[in-house]
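Chemist: This is the structure, below, for whatever I ask next.
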Amino acid sequence: MEEVRLRFGALQVIDNLSVQLAEGEAVGVVGPNGAGKTTMLNLLAGQLRPDAGRIRFNGRDVTALGARRRCQLGIARTYQIPQPFPGMTVFENALVGATFGSPGRSDAEAAAAAVAGLERTGLLGRANRLAGSLTLLERKRLELARALATGPRVLLLDEIAGGLTEPEVHELVAVVGELRAAGVSILWIEHIVHALVRVVDRLVAVDFGRKLIEGRPEAVLASPEVRDVYLGAEAVG
């Protein structure tokens, strides 16, 4: 995104924000609640359109394209609160992503993509269970599997580790790390900072919709701005 602005009424939620993500790179985004992080993801995914600025993907201006078209081009996302179809099976949930994320696929190709997404996230053994019966970790994995089933080049993750126990966080981080190693570009919003730094190449800190600082994770976390405004000395010490 390049110099993007977005206002909700009198509130400027995104203010001249520019963020780049290179092919195969993993970038983490940190900031307090209300900093505009999820709004930024909604803009990138096509669920919101900016008032100014532009969003480019693979050299193409996609600012005017909606979420479905961007997904078909290769931009997939997860949600902070998992949103499965609870009355459908785990496999059927993944199949929705595989079918509508890549509409040119045959039924067999879509089914294979759904199976691959479940396999990569450790859910293949739960394929025939109703999604509504899953644990929180399993629902988080299903969010990821459904996104992967679309065949993304860019994966937008919104607080995917939130609400998990420490062992569950480690499990999920391992899955995300494998995706990053496989070449999927990742933009990851997360409050659990130790999860981010195990995967990402860069951190971007935002405040009131503006970029405060970006760079190597250790440099960003050591900066006075991040210590004072976002995480506090105890969280990064």
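Here, A, B, ... name the chains of the structure tokens in the order displayed, residue numbers run from 1 inside each chain, and ligands are numbered from 1 in the same displayed order.
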Show me, as a ChimeraX atom specification, the residues that have an atom within 9 Å of Leu130 of chain A when counting only C-alpha atoms, minus same-chain residues fewer than 5 positions from it.
Modeler: /A:85-91
Chemist: Output N, CA, C and O atoms for every residue in the selection just made, as a PDB file, in the first residue's frame.
Modeler:
ATOM      1  N   PHE A  85     -17.950 -22.027   8.851  1.00  0.00           N
ATOM      2  CA  PHE A  85     -19.353 -22.380   8.656  1.00  0.00           C
ATOM      3  C   PHE A  85     -19.623 -23.554   9.601  1.00  0.00           C
ATOM      4  O   PHE A  85     -19.254 -24.696   9.289  1.00  0.00           O
ATOM      5  N   PRO A  86     -20.223 -23.315  10.763  1.00  0.00           N
ATOM      6  CA  PRO A  86     -20.252 -24.338  11.816  1.00  0.00           C
ATOM      7  C   PRO A  86     -21.041 -25.590  11.460  1.00  0.00           C
ATOM      8  O   PRO A  86     -20.743 -26.674  11.966  1.00  0.00           O
ATOM      9  N   GLY A  87     -22.044 -25.466  10.592  1.00  0.00           N
ATOM     10  CA  GLY A  87     -22.847 -26.631  10.226  1.00  0.00           C
ATOM     11  C   GLY A  87     -22.269 -27.445   9.088  1.00  0.00           C
ATOM     12  O   GLY A  87     -22.871 -28.442   8.677  1.00  0.00           O
ATOM     13  N   MET A  88     -21.113 -27.023   8.582  1.00  0.00           N
ATOM     14  CA  MET A  88     -20.438 -27.754   7.518  1.00  0.00           C
ATOM     15  C   MET A  88     -19.233 -28.486   8.097  1.00  0.00           C
ATOM     16  O   MET A  88     -18.721 -28.118   9.158  1.00  0.00           O
ATOM     17  N   THR A  89     -18.776 -29.503   7.410  1.00  0.00           N
ATOM     18  CA  THR A  89     -17.605 -30.224   7.889  1.00  0.00           C
ATOM     19  C   THR A  89     -16.344 -29.390   7.673  1.00  0.00           C
ATOM     20  O   THR A  89     -16.344 -28.391   6.944  1.00  0.00           O
ATOM     21  N   VAL A  90     -15.285 -29.828   8.317  1.00  0.00           N
ATOM     22  CA  VAL A  90     -13.991 -29.174   8.160  1.00  0.00           C
ATOM     23  C   VAL A  90     -13.571 -29.195   6.689  1.00  0.00           C
ATOM     24  O   VAL A  90     -13.115 -28.183   6.137  1.00  0.00           O
ATOM     25  N   PHE A  91     -13.743 -30.336   6.045  1.00  0.00           N
ATOM     26  CA  PHE A  91     -13.396 -30.439   4.624  1.00  0.00           C
ATOM     27  C   PHE A  91     -14.231 -29.486   3.781  1.00  0.00           C
ATOM     28  O   PHE A  91     -13.714 -28.806   2.885  1.00  0.00           O
TER      29      PHE A  91
END
Chemist: Can you pull out every residue within 12 Å of Glu166 of chain A, counting only C-alpha atoms, but drop anything in the same chain fewer than 5 positions away, and send it as number ranges by chain?
Modeler: A: 137, 161, 171-173, 192, 194-195
Chemist: Could you save those same residues with N, CA and C atoms as a PDB file, in the first residue's frame?
Modeler:
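What landed in part_26.pdb:
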ATOM      1  N   LEU A 137      -8.009 -23.782  18.968  1.00  0.00           N
ATOM      2  CA  LEU A 137      -6.814 -23.986  18.147  1.00  0.00           C
ATOM      3  C   LEU A 137      -7.196 -24.592  16.807  1.00  0.00           C
ATOM      4  N   ALA A 161      -2.744 -16.026  16.625  1.00  0.00           N
ATOM      5  CA  ALA A 161      -2.315 -16.705  17.846  1.00  0.00           C
ATOM      6  C   ALA A 161      -3.104 -16.265  19.069  1.00  0.00           C
ATOM      7  N   GLU A 171       2.633 -24.446  18.444  1.00  0.00           N
ATOM      8  CA  GLU A 171       2.165 -25.292  17.345  1.00  0.00           C
ATOM      9  C   GLU A 171       1.801 -24.455  16.122  1.00  0.00           C
ATOM     10  N   LEU A 172       1.075 -23.376  16.359  1.00  0.00           N
ATOM     11  CA  LEU A 172       0.615 -22.544  15.254  1.00  0.00           C
ATOM     12  C   LEU A 172       1.780 -21.814  14.588  1.00  0.00           C
ATOM     13  N   VAL A 173       2.720 -21.347  15.397  1.00  0.00           N
ATOM     14  CA  VAL A 173       3.896 -20.666  14.848  1.00  0.00           C
ATOM     15  C   VAL A 173       4.684 -21.609  13.948  1.00  0.00           C
ATOM     16  N   ILE A 192       1.031 -11.123  20.289  1.00  0.00           N
ATOM     17  CA  ILE A 192       1.970 -12.052  20.922  1.00  0.00           C
ATOM     18  C   ILE A 192       3.295 -11.927  20.181  1.00  0.00           C
ATOM     19  N   HIS A 194       6.483 -12.548  20.757  1.00  0.00           N
ATOM     20  CA  HIS A 194       7.486 -13.610  20.624  1.00  0.00           C
ATOM     21  C   HIS A 194       7.113 -14.589  19.515  1.00  0.00           C
ATOM     22  N   ALA A 195       5.820 -14.688  19.196  1.00  0.00           N
ATOM     23  CA  ALA A 195       5.408 -15.524  18.069  1.00  0.00           C
ATOM     24  C   ALA A 195       5.853 -14.884  16.753  1.00  0.00           C
TER      25      ALA A 195
END
Chemist: I need the residues of chain A that end up classed as alpha helix (DSSP H) by DSSP on the backbone, written out as a PyMOL selection string.
Modeler: chain A and resi 37-45+67-73+90-101+107-120+136-149+166-181+193-197+217-222+224-226+232-236
Chemist: Show me, as JSON lines, the residues of segment 163-182 of chain A having an atom within 10 Å of segment 138-157 of chain A, each with the closest atom pair and its distance in Å, using only C-alpha atoms.
Modeler:
{"residue": "A:Gly163", "atom": "CA", "partner": "A:Lys140", "partner_atom": "CA", "distance": 9.8}
{"residue": "A:Leu164", "atom": "CA", "partner": "A:Lys140", "partner_atom": "CA", "distance": 9.2}
{"residue": "A:Glu168", "atom": "CA", "partner": "A:Glu138", "partner_atom": "CA", "distance": 9.7}
{"residue": "A:Glu171", "atom": "CA", "partner": "A:Arg141", "partner_atom": "CA", "distance": 9.9}
{"residue": "A:Leu172", "atom": "CA", "partner": "A:Arg141", "partner_atom": "CA", "distance": 7.5}
{"residue": "A:Val175", "atom": "CA", "partner": "A:Arg141", "partner_atom": "CA", "distance": 8.9}
{"residue": "A:Val176", "atom": "CA", "partner": "A:Leu144", "partner_atom": "CA", "distance": 9.0}
{"residue": "A:Leu179", "atom": "CA", "partner": "A:Leu148", "partner_atom": "CA", "distance": 9.3}
{"residue": "A:Arg180", "atom": "CA", "partner": "A:Leu155", "partner_atom": "CA", "distance": 9.6}
Chemist: Would you mind reading off the distance between atom CA of Trp188 of chain A and atom CA of Leu41 of chain A, one decimal, in Å?
Modeler: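 Atom CA of Leu41 of chain A lies 9.2 Å from atom CA of Trp188 of chain A.
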Chemist: Rank A:Gly183, A:Gly24, A:Pro84, A:Gly132 by their smallest atom-to-atom distance to Val96 of chain A, using only C-alpha atoms, and report the top residue only.
Modeler: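 Closest to Val96 of chain A of all the choices is A:Pro84.
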